[in-house]
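Colleague: Right, I'll just put the structure down here and ask away after.
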There are 2 protein chains.
Amino acid sequence: MKVDGQHMRSIELAGDGWSCNVIDQRLLPHRIEWASLETLAEACTAISEMWVRGAPLIGITAAYGVALAMHADPSDASLDCAYRELAATRPTAINLLWALDLMRTTLESVEPRAREQAAYEQAAKMAEQDVRSCEAIGEHGLGVLQEIAEQRDSAGPLRILTHCNAGWLATVDWGTALAPIYKAHALGIDLMVYVDETRPRNQGASLTAWELAQEGIPHALIVDNVGGHLMQHGMVDLCIVGSDRTTATGDVCNKIGTYLKALAAYDNDVPFFAALPFSTIDWSVRDGVQEIPIEERAQREVTHIRGVNSRGELDELSLAPQHTRALNFGFDVTPARLVTKIITERGVAEASEQGLSELYKLARGAHTS
Amino acid sequence: MKVDGQHMRSIELAGDGWSCNVIDQRLLPHRIEWASLETLAEACTAISEMWVRGAPLIGITAAYGVALAMHADPSDASLDCAYRELAATRPTAINLLWALDLMRTTLESVEPRAREQAAYEQAAKMAEQDVRSCEAIGEHGLGVLQEIAEQRDSAGPLRILTHCNAGWLATVDWGTALAPIYKAHALGIDLMVYVDETRPRNQGASLTAWELAQEGIPHALIVDNVGGHLMQHGMVDLCIVGSDRTTATGDVCNKIGTYLKALAAYDNDVPFFAALPFSTIDWSVRDGVQEIPIEERAQREVTHIRGVNSRGELDELSLAPQHTRALNFGFDVTPARLVTKIITERGVAEASEQGLSELYKLARGAHTS
């Protein structure tokens with residue numbers, strides 16, 4: 001999508017043909033800085049310290065991390081090490097393991113001397129596939145938005161609530177939850193987006209608001225506490241979020257707080273959608289609440305906050321009494337019963353085992369690339 | 001309650017016998033500073049700019065605001081003006097109008113030359129009554145906590161989730177939602193409190209965490225998004241919140257985001273309590289969602305945040321892209337169907353018209369002071 005009118009992707013191969021450039025998302029919206037990833041260790045840091053984030057982009061960055069490892073050392077031991085170290089960077093997004101499994105499967109059958117080239121080709125293919133998947137999610141989601149826009153009684157813009165950032169910065173391009181919004185806006189559909197700020201890391205305030213502003217899409221920033229009130233008062237036409245892992249039964253794991261919005265949507269008959277690619281579905285998990293590992297992050301993300309001070313400098317403030325203990329869970333699981341539909345690159349499905357398996361049954365074994 | 005081991009109240013008459021001192025709560029937890037209120041205008045500012053906040057304390061501050069007006073000018077015109085200006089400071093907390101009505105009723109029947117003394121006497125009486133009410137809420141709520149502690153299966157501390165600050169800083173002393181917690185802790189009951197940070201003004205992180213730390217009560221700060229996840233995983237034994245206005249039918253208006261926690265509690269069979277004094281009940285309102293006016297505050301409360309920087313200075317950071325539009329609703333309404341019980345100074349009632357009217361029927365007309 002666009003930055004200052006220029007088209008950009010969140011991850012790109014550098015001019016040298018082997019290192020990778022990623023937007024250092026920790027600095028947005030205050031600064032746009034690219035970080036160069038030249039080693040496996042740097043790729044691991046970029047994921048674990050959230051220079052990049054968003055389940056699909058984590059997967060693609062991991063794929064390039066394997067390629068960087070193969071650039072340095074294409075041995076079996078190096079491949080194993082790359083898999084292990086990248087797999088340990090973050091626990092919740094299943095796209096990470098999906099990408100690593102795919103890279104390993106591809107490279108295991110290739111001789112070490114040919115692995116570097118095969119790794120970069122596979123990573124590039126996965127990045128392109130991510131873009132195509134997200135664009136397809138956008139097209140299918142567009143149909144959902146058009147249907148709701150036509151059926152509703154109220155005048156004025158279609159009002160969409162989203163949580164966290166499931167835009168192009170969470171993927172290679174287009175995004176998942178935001179892709180239908182970009183498509184609809186491009187078609188001239190009158191819409192606006194309520195952007196949950198998404199504490200503690202504020203991906204809504206810093207990334208989603210920034211993306212939408214760059215594309216000229218009307219939006220209003222709200223704190224995470226507000227969505228229920230808006231829905232009670234008929235001010236939201238639909239909710240749409242991304243996912244970090246979706247179970248075979250349609251439970252949607254996503255950024256912490258998603259479940260609360262889904263409860264409010266259900267309580268107020270507001271349709272609630274999750275938009276995600278195939279790589280986000282974990283066919284091995286049936287009970288999302290019980291089985292999906294939920295990342296716990298540093299207390300400091302809760303007790304301190306980063307932003308820009310009045311002198312235009314990036315700074316950090318302490319928000320709580322000294323020595324306050326904090327608990328920081330990164331994700332929660334929205335049970336399938338609260339999800340109206342799941343939007344994927346294949347189409348729109350019921351959030352259920354039947355819905356998802358029907359969407360993918362033709363190619364389930366084969367559809368791994 | 002205690003500050004550095006010393007007993008304190010949130011509002012006190014000064015040594016001069018007529019001006020008032022209040023804790024400037026905007027500076028907590030970073031600094032404890034008292035502000036002197038010497039005029040009606042200063043009392044209005046203290047309420048509207050949230051030097052003081054919390055429905056009961058707003059009411060008592062308004063009562064002293066009328067007294068300050070009578071100190072300057074005890075005429076009928078001055079009384080009318082004080083009523084009007086104080087009533088316009090904030091729209092949602094009904095305790096404000098309750099206190100102003102009570103002051104006006106008391107003073108209208110008093111000759112102007114006797115009004116100053118009558119005003120201070122009435123304000124002091126209301127402040128004392130607030131302390132007694134809150135302590136009684138604490139006693140009744142203690143019974144609720146003891147019952148839940150005895151009935152639950154799990155070992156370890158009783159785990160209580162609260163939203164915003166309904167502690168002694170929101171009242172004159174003791175608090176509403178926190179009063180039972182103070183009582184239980186004093187009795188040696190093993191408990192811990194999950195403190196919602198409560199964006200955008202972070203009253204949980206800055207006031208509740210501070211109050212609990214001063215009393216030595218174990219607690220964990222969480223962002224507002226986390227409570228649903230905790231409740232899904234059986235990590236919360238009960239929720240307890242305050243209220244800014246509760247309807248005759250038991251709908252509970254409270255800090256924005258309360259409704260989301262009540263939905264999660266209901267979805268996970270976690271009991272959800274509201275603790276409030278008589279002065280918070282608006283007997284004229286039946287449908288809280290439709291009828292209670294919800295304050296909209298400045299966008300800057302969402303786009304910017306205050307705290308202490310690494311040099312120990314109070315500072316403010318910008319969190320969002322420049323020119324981002326924000327919507328800032330201060331309160332929401334939790335329908336009675338999601339509230340397990342309402343705890344008042346009279347006892348514990350069903351959140352229903354019958355429950356509340358039975359609790360107050362003996363003295364409903366008379367119980368206005």
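Chain identifiers are assigned as A, B, and so on, following the order in which chains appear in the structure tokens; residues are numbered from 1 within each chain, and ligands are numbered from 1 in order of appearance.
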Which residues come within 6 Å of Thr334 of chain B, counting only C-alpha atoms, excluding same-chain residues fewer than 6 positions away, as a PyMOL selection string?
Modeller: chain B and resi 251-252+259
Colleague: Taking 4 positions as the minimum chain separation for residues in the same chain, which residues sit within 9 Å of Ile60 of chain B when counting only C-alpha atoms? Answer as a PyMOL selection string.
Modeller: chain B and resi 11+55-56+64-65+95-96+99+123-124+126-127+130+171-172
Colleague: Kindly export the residues of the current selection with N, CA, C and O atoms, as a PDB file, in the first residue's frame.
Modeller:
ATOM      1  N   ILE B  11     -10.685  14.989  50.585  1.00  0.00           N
ATOM      2  CA  ILE B  11     -11.106  16.396  50.660  1.00  0.00           C
ATOM      3  C   ILE B  11     -11.197  16.769  52.136  1.00  0.00           C
ATOM      4  O   ILE B  11     -11.718  15.994  52.945  1.00  0.00           O
ATOM      5  N   ALA B  55     -17.675   9.579  41.461  1.00  0.00           N
ATOM      6  CA  ALA B  55     -18.997  10.156  41.658  1.00  0.00           C
ATOM      7  C   ALA B  55     -19.217  10.678  43.083  1.00  0.00           C
ATOM      8  O   ALA B  55     -19.646  11.829  43.261  1.00  0.00           O
ATOM      9  N   PRO B  56     -18.923   9.907  44.129  1.00  0.00           N
ATOM     10  CA  PRO B  56     -19.192  10.440  45.475  1.00  0.00           C
ATOM     11  C   PRO B  56     -18.347  11.680  45.789  1.00  0.00           C
ATOM     12  O   PRO B  56     -18.864  12.670  46.335  1.00  0.00           O
ATOM     13  N   TYR B  64     -19.188  21.501  48.885  1.00  0.00           N
ATOM     14  CA  TYR B  64     -18.268  22.525  49.388  1.00  0.00           C
ATOM     15  C   TYR B  64     -18.167  23.708  48.410  1.00  0.00           C
ATOM     16  O   TYR B  64     -17.935  24.843  48.830  1.00  0.00           O
ATOM     17  N   GLY B  65     -18.367  23.438  47.124  1.00  0.00           N
ATOM     18  CA  GLY B  65     -18.388  24.535  46.147  1.00  0.00           C
ATOM     19  C   GLY B  65     -19.524  25.506  46.448  1.00  0.00           C
ATOM     20  O   GLY B  65     -19.360  26.736  46.369  1.00  0.00           O
ATOM     21  N   ASN B  95     -24.487  11.888  41.435  1.00  0.00           N
ATOM     22  CA  ASN B  95     -24.195  12.370  42.789  1.00  0.00           C
ATOM     23  C   ASN B  95     -24.007  13.881  42.799  1.00  0.00           C
ATOM     24  O   ASN B  95     -24.258  14.542  43.798  1.00  0.00           O
ATOM     25  N   LEU B  96     -23.563  14.426  41.692  1.00  0.00           N
ATOM     26  CA  LEU B  96     -23.390  15.873  41.572  1.00  0.00           C
ATOM     27  C   LEU B  96     -24.735  16.576  41.772  1.00  0.00           C
ATOM     28  O   LEU B  96     -24.860  17.494  42.591  1.00  0.00           O
ATOM     29  N   ALA B  99     -26.177  16.072  45.318  1.00  0.00           N
ATOM     30  CA  ALA B  99     -25.566  16.949  46.322  1.00  0.00           C
ATOM     31  C   ALA B  99     -26.056  18.390  46.159  1.00  0.00           C
ATOM     32  O   ALA B  99     -26.353  19.071  47.149  1.00  0.00           O
ATOM     33  N   ALA B 123     -22.451  20.553  54.168  1.00  0.00           N
ATOM     34  CA  ALA B 123     -21.386  19.898  53.386  1.00  0.00           C
ATOM     35  C   ALA B 123     -20.600  18.929  54.272  1.00  0.00           C
ATOM     36  O   ALA B 123     -20.294  17.796  53.857  1.00  0.00           O
ATOM     37  N   ALA B 124     -20.295  19.371  55.492  1.00  0.00           N
ATOM     38  CA  ALA B 124     -19.544  18.494  56.408  1.00  0.00           C
ATOM     39  C   ALA B 124     -20.359  17.248  56.752  1.00  0.00           C
ATOM     40  O   ALA B 124     -19.831  16.133  56.832  1.00  0.00           O
ATOM     41  N   MET B 126     -22.609  15.857  54.877  1.00  0.00           N
ATOM     42  CA  MET B 126     -22.614  14.972  53.709  1.00  0.00           C
ATOM     43  C   MET B 126     -21.280  14.234  53.576  1.00  0.00           C
ATOM     44  O   MET B 126     -21.246  13.057  53.193  1.00  0.00           O
ATOM     45  N   ALA B 127     -20.200  14.926  53.874  1.00  0.00           N
ATOM     46  CA  ALA B 127     -18.883  14.271  53.802  1.00  0.00           C
ATOM     47  C   ALA B 127     -18.808  13.135  54.823  1.00  0.00           C
ATOM     48  O   ALA B 127     -18.354  12.029  54.510  1.00  0.00           O
ATOM     49  N   ASP B 130     -20.860  10.297  53.697  1.00  0.00           N
ATOM     50  CA  ASP B 130     -20.193   9.542  52.639  1.00  0.00           C
ATOM     51  C   ASP B 130     -19.219   8.532  53.239  1.00  0.00           C
ATOM     52  O   ASP B 130     -19.165   7.372  52.812  1.00  0.00           O
ATOM     53  N   THR B 171     -14.017   8.841  46.665  1.00  0.00           N
ATOM     54  CA  THR B 171     -15.007   9.186  47.684  1.00  0.00           C
ATOM     55  C   THR B 171     -14.289  10.099  48.690  1.00  0.00           C
ATOM     56  O   THR B 171     -13.266  10.681  48.358  1.00  0.00           O
ATOM     57  N   VAL B 172     -14.793  10.205  49.883  1.00  0.00           N
ATOM     58  CA  VAL B 172     -14.061  10.960  50.907  1.00  0.00           C
ATOM     59  C   VAL B 172     -13.072  10.028  51.603  1.00  0.00           C
ATOM     60  O   VAL B 172     -11.926  10.399  51.869  1.00  0.00           O
TER      61      VAL B 172
END
Colleague: Which of these, A:Leu319, A:Leu263, A:Ala87, A:Ala351, has the shortest distance to Gln203 of chain B once you count only C-alpha atoms?
Modeller: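 Closest candidate: A:Leu319.
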Colleague: Which residues of chain B come within 7 Å of chain A, and what is each one's closest atom pair and distance in Å (one decimal), counting only C-alpha atoms, sorted by chain and residue number, as a Markdown table?
Modeller:
| residue | atom | partner | partner_atom | distance |
| --- | --- | --- | --- | --- |
| B:Pro29 | CA | A:Pro321 | CA | 5.6 |
| B:His30 | CA | A:Pro321 | CA | 6.9 |
| B:Arg199 | CA | A:Val223 | CA | 6.3 |
| B:Pro200 | CA | A:Val223 | CA | 6.3 |
| B:Ala205 | CA | A:Ala320 | CA | 5.1 |
| B:Ser206 | CA | A:Ala320 | CA | 5.3 |
| B:Trp210 | CA | A:Pro321 | CA | 6.0 |
| B:Ala220 | CA | A:Ala326 | CA | 4.9 |
| B:Leu221 | CA | A:Ala326 | CA | 4.4 |
| B:Ile222 | CA | A:Leu327 | CA | 5.5 |
| B:Val223 | CA | A:Arg199 | CA | 6.3 |
| B:Asp224 | CA | A:Asn225 | CA | 6.8 |
| B:Asn225 | CA | A:Gly257 | CA | 3.9 |
| B:Val226 | CA | A:Gly257 | CA | 6.1 |
| B:Gly228 | CA | A:Leu260 | CA | 6.1 |
| B:His229 | CA | A:Asp332 | CA | 5.6 |
| B:Ile256 | CA | A:Asn225 | CA | 5.6 |
| B:Gly257 | CA | A:Asn225 | CA | 3.9 |
| B:Tyr259 | CA | A:Gly228 | CA | 6.7 |
| B:Leu260 | CA | A:Leu260 | CA | 5.8 |
| B:Leu263 | CA | A:Leu263 | CA | 6.4 |
| B:Ala264 | CA | A:Leu260 | CA | 6.6 |
| B:Val302 | CA | A:Val223 | CA | 6.7 |
| B:Gly307 | CA | A:Leu319 | CA | 5.1 |
| B:Val308 | CA | A:Leu317 | CA | 5.0 |
| B:Asn309 | CA | A:Leu317 | CA | 4.6 |
| B:Glu316 | CA | A:Asn309 | CA | 6.1 |
| B:Leu317 | CA | A:Asn309 | CA | 4.6 |
| B:Ser318 | CA | A:Val308 | CA | 5.1 |
| B:Leu319 | CA | A:Gly307 | CA | 5.1 |
| B:Ala320 | CA | A:Ala205 | CA | 5.1 |
| B:Pro321 | CA | A:Pro29 | CA | 5.6 |
| B:Arg325 | CA | A:Ala220 | CA | 5.2 |
| B:Ala326 | CA | A:Leu221 | CA | 4.4 |
| B:Leu327 | CA | A:Ile222 | CA | 5.5 |
| B:Asn328 | CA | A:Ile222 | CA | 6.6 |
| B:Phe329 | CA | A:Val226 | CA | 6.8 |
| B:Asp332 | CA | A:His229 | CA | 5.6 |
Colleague: Just want the 6 Å neighbourhood of Val193 of chain A, counted on only C-alpha atoms, with same-chain residues fewer than 3 positions away dropped. Output as a list in words.
Modeller: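 Here the qualifying residues turn out to be Arg159, Ile160, Leu161 and His219 of chain A.
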Colleague: Find the residues around Ala77 of chain B up to 12 Å (only C-alpha atoms counted), leave out those fewer than 5 positions away in its own chain, and share them as an NGL selection string.
Modeller: :B and (69-70 or 72 or 82-84 or 104 or 108 or 112)
Colleague: Measuring atom to atom with only C-alpha atoms, identify which of B:Leu142, B:Met231, B:Ala184, B:Ala114 is nearest to Val348 of chain B.
Modeller: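 Of the candidates, the smallest distance to Val348 of chain B is held by B:Leu142.
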Colleague: Residues within 8 Å of Thr176 of chain A, please, as JSON, numbers by chain. Count only C-alpha atoms; anything in the same chain fewer than 5 positions from it doesn't count.
Modeller: {"A": [134, 137, 138, 166, 167, 168, 171, 241, 242, 275, 276, 277]}
Colleague: Need to verify the contact set: Ser75 of chain B, 9 Å, only C-alpha atoms, exclusion of same-chain residues closer than 2 positions in sequence. Can you return it as an MDAnalysis selection string?
Modeller: chainID B and resid 70 73 77:80 111:113 115
Colleague: Kindly save the residues from that selection, with C-alpha atoms included, as a PDB file, in the first residue's frame.
Modeller:
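As written to disk, part35.pdb reads:
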ATOM      1  CA  MET B  70     -22.113  31.243  50.219  1.00  0.00           C
ATOM      2  CA  ASP B  73     -22.086  35.930  48.673  1.00  0.00           C
ATOM      3  CA  ALA B  77     -28.769  34.854  43.096  1.00  0.00           C
ATOM      4  CA  SER B  78     -25.452  33.513  44.276  1.00  0.00           C
ATOM      5  CA  LEU B  79     -27.074  30.237  45.344  1.00  0.00           C
ATOM      6  CA  ASP B  80     -28.759  29.873  41.953  1.00  0.00           C
ATOM      7  CA  GLU B 111     -31.934  33.383  55.680  1.00  0.00           C
ATOM      8  CA  PRO B 112     -28.978  34.650  53.619  1.00  0.00           C
ATOM      9  CA  ARG B 113     -27.055  35.811  56.690  1.00  0.00           C
ATOM     10  CA  ARG B 115     -26.450  30.499  54.845  1.00  0.00           C
TER      11      ARG B 115
END
Colleague: Segment 40-206 of chain A: which residues are helix (DSSP H, G or I) by DSSP, as a VMD selection string?
Modeller: chain A and resid 40 to 48 55 to 72 76 to 87 95 to 108 112 to 151 168 to 170 179 to 186 203 to 206
Colleague: For segment 20-24 of chain B, list every protein, DNA or RNA residue within 7 Å, evaluated using only C-alpha atoms, and leave out those in the same chain fewer than 2 positions away; present the list as an MDAnalysis selection string.
Modeller: chainID B and resid 10:14 18 26:27 32:38 51:52
Colleague: Please produce an output containing all heavy atoms for each residue in the selection, written as a compact mmCIF listing (two decimals), in the first residue's frame.
Modeller:
# COMPACT_ATOMS: atom_id res chain seq x y z
N SER B 10 -9.68 12.48 50.99
CA SER B 10 -9.45 13.09 49.68
C SER B 10 -9.84 14.56 49.64
O SER B 10 -9.41 15.30 48.75
CB SER B 10 -10.25 12.32 48.62
OG SER B 10 -11.63 12.39 48.94
N ILE B 11 -10.68 14.99 50.58
CA ILE B 11 -11.11 16.40 50.66
C ILE B 11 -11.20 16.77 52.14
O ILE B 11 -11.72 15.99 52.95
CB ILE B 11 -12.45 16.63 49.92
CG1 ILE B 11 -12.85 18.12 49.93
CG2 ILE B 11 -13.57 15.78 50.49
CD1 ILE B 11 -13.97 18.45 48.94
N GLU B 12 -10.68 17.93 52.49
CA GLU B 12 -10.65 18.35 53.89
C GLU B 12 -10.87 19.86 53.97
O GLU B 12 -10.41 20.61 53.11
CB GLU B 12 -9.29 18.01 54.53
CG GLU B 12 -9.03 16.51 54.64
CD GLU B 12 -7.63 16.18 55.16
OE1 GLU B 12 -6.83 17.13 55.38
OE2 GLU B 12 -7.34 14.99 55.32
N LEU B 13 -11.55 20.28 55.00
CA LEU B 13 -11.68 21.72 55.26
C LEU B 13 -10.31 22.21 55.75
O LEU B 13 -9.66 21.53 56.56
CB LEU B 13 -12.75 21.95 56.32
CG LEU B 13 -13.36 23.35 56.36
CD1 LEU B 13 -14.09 23.69 55.06
CD2 LEU B 13 -14.32 23.48 57.54
N ALA B 14 -9.89 23.37 55.26
CA ALA B 14 -8.58 23.89 55.66
C ALA B 14 -8.63 24.48 57.07
O ALA B 14 -9.70 24.66 57.65
CB ALA B 14 -8.12 24.96 54.67
N TRP B 18 -12.80 27.73 56.19
CA TRP B 18 -13.72 27.95 55.06
C TRP B 18 -13.18 27.46 53.70
O TRP B 18 -13.95 27.01 52.87
CB TRP B 18 -14.13 29.42 54.96
CG TRP B 18 -12.99 30.36 54.65
CD1 TRP B 18 -12.16 30.97 55.54
CD2 TRP B 18 -12.52 30.75 53.35
NE1 TRP B 18 -11.21 31.71 54.91
CE2 TRP B 18 -11.43 31.61 53.54
CE3 TRP B 18 -12.95 30.49 52.04
CZ2 TRP B 18 -10.73 32.19 52.49
CZ3 TRP B 18 -12.26 31.07 50.99
CH2 TRP B 18 -11.16 31.91 51.22
N ARG B 26 -4.65 14.56 39.42
CA ARG B 26 -4.01 14.49 38.10
C ARG B 26 -2.52 14.15 38.22
O ARG B 26 -1.91 13.69 37.27
CB ARG B 26 -4.16 15.82 37.36
CG ARG B 26 -5.61 16.21 37.08
CD ARG B 26 -5.68 17.61 36.55
NE ARG B 26 -5.03 18.56 37.48
CZ ARG B 26 -4.75 19.81 37.21
NH1 ARG B 26 -5.03 20.30 36.01
NH2 ARG B 26 -4.18 20.59 38.11
N LEU B 27 -1.94 14.43 39.37
CA LEU B 27 -0.50 14.23 39.53
C LEU B 27 -0.14 12.86 40.12
O LEU B 27 1.03 12.48 40.15
CB LEU B 27 0.07 15.34 40.42
CG LEU B 27 -0.21 16.76 39.92
CD1 LEU B 27 0.32 17.77 40.91
CD2 LEU B 27 0.42 16.99 38.55
N ILE B 32 2.21 13.74 45.26
CA ILE B 32 1.04 14.02 46.09
C ILE B 32 1.03 15.52 46.34
O ILE B 32 1.87 16.05 47.08
CB ILE B 32 1.11 13.28 47.43
CG1 ILE B 32 1.29 11.79 47.21
CG2 ILE B 32 -0.16 13.55 48.26
CD1 ILE B 32 1.69 11.04 48.46
N GLU B 33 0.11 16.22 45.72
CA GLU B 33 0.01 17.67 45.93
C GLU B 33 -1.42 18.02 46.29
O GLU B 33 -2.37 17.52 45.68
CB GLU B 33 0.43 18.43 44.66
CG GLU B 33 1.94 18.48 44.50
CD GLU B 33 2.37 19.35 43.31
OE1 GLU B 33 1.58 20.20 42.87
OE2 GLU B 33 3.50 19.14 42.85
N TRP B 34 -1.56 18.87 47.27
CA TRP B 34 -2.88 19.35 47.66
C TRP B 34 -3.17 20.65 46.92
O TRP B 34 -2.28 21.49 46.74
CB TRP B 34 -2.95 19.58 49.17
CG TRP B 34 -2.94 18.28 49.93
CD1 TRP B 34 -1.85 17.54 50.26
CD2 TRP B 34 -4.07 17.58 50.42
NE1 TRP B 34 -2.22 16.40 50.93
CE2 TRP B 34 -3.59 16.39 51.05
CE3 TRP B 34 -5.45 17.80 50.41
CZ2 TRP B 34 -4.44 15.46 51.65
CZ3 TRP B 34 -6.30 16.88 51.01
CH2 TRP B 34 -5.80 15.73 51.62
N ALA B 35 -4.42 20.82 46.50
CA ALA B 35 -4.85 22.06 45.87
C ALA B 35 -5.85 22.72 46.80
O ALA B 35 -6.71 22.06 47.38
CB ALA B 35 -5.50 21.77 44.52
N SER B 36 -5.74 24.03 46.93
CA SER B 36 -6.67 24.77 47.77
C SER B 36 -7.80 25.33 46.91
O SER B 36 -7.56 25.94 45.87
CB SER B 36 -5.91 25.93 48.46
OG SER B 36 -6.84 26.77 49.12
N LEU B 37 -9.04 25.07 47.33
CA LEU B 37 -10.20 25.62 46.63
C LEU B 37 -10.75 26.76 47.47
O LEU B 37 -11.18 26.55 48.61
CB LEU B 37 -11.27 24.55 46.44
CG LEU B 37 -10.82 23.23 45.79
CD1 LEU B 37 -12.01 22.29 45.62
CD2 LEU B 37 -10.14 23.49 44.46
N GLU B 38 -10.74 27.98 46.91
CA GLU B 38 -11.17 29.15 47.68
C GLU B 38 -12.39 29.84 47.09
O GLU B 38 -12.98 30.71 47.72
CB GLU B 38 -10.00 30.14 47.80
CG GLU B 38 -8.79 29.48 48.47
CD GLU B 38 -7.66 30.47 48.74
OE1 GLU B 38 -7.79 31.65 48.36
OE2 GLU B 38 -6.66 30.03 49.34
N TRP B 51 -9.30 17.41 38.87
CA TRP B 51 -8.40 17.37 40.02
C TRP B 51 -9.01 16.37 41.01
O TRP B 51 -8.30 15.61 41.64
CB TRP B 51 -8.28 18.72 40.71
CG TRP B 51 -7.94 19.88 39.82
CD1 TRP B 51 -7.77 19.87 38.47
CD2 TRP B 51 -7.73 21.22 40.26
NE1 TRP B 51 -7.46 21.13 38.05
CE2 TRP B 51 -7.43 21.98 39.11
CE3 TRP B 51 -7.77 21.86 41.50
CZ2 TRP B 51 -7.17 23.35 39.18
CZ3 TRP B 51 -7.51 23.22 41.56
CH2 TRP B 51 -7.21 23.95 40.42
N VAL B 52 -10.34 16.43 41.13
CA VAL B 52 -11.09 15.41 41.86
C VAL B 52 -11.98 14.68 40.86
O VAL B 52 -12.41 15.26 39.86
CB VAL B 52 -11.98 16.02 42.97
CG1 VAL B 52 -11.12 16.67 44.04
CG2 VAL B 52 -12.98 17.01 42.40
Colleague: In terms of the shortest atom-to-atom distance over only C-alpha atoms, which of A:Arg337, A:Arg245, A:His163, A:Arg297 is closest to Ser279 of chain A?
Modeller: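 Closest to Ser279 of chain A of all the choices is A:Arg245.
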Colleague: Just to confirm, what's the straight-line distance from atom CA of Thr45 of chain B to atom CA of Lys125 of chain B in Å (one decimal)?
Modeller: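 Between atom CA of Thr45 of chain B and atom CA of Lys125 of chain B the gap works out to 23.2 Å.
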Colleague: Take atom CA of Gln25 of chain B and atom CA of Thr162 of chain B and report the distance between them in Å, one decimal.
Modeller: 18.9 Å
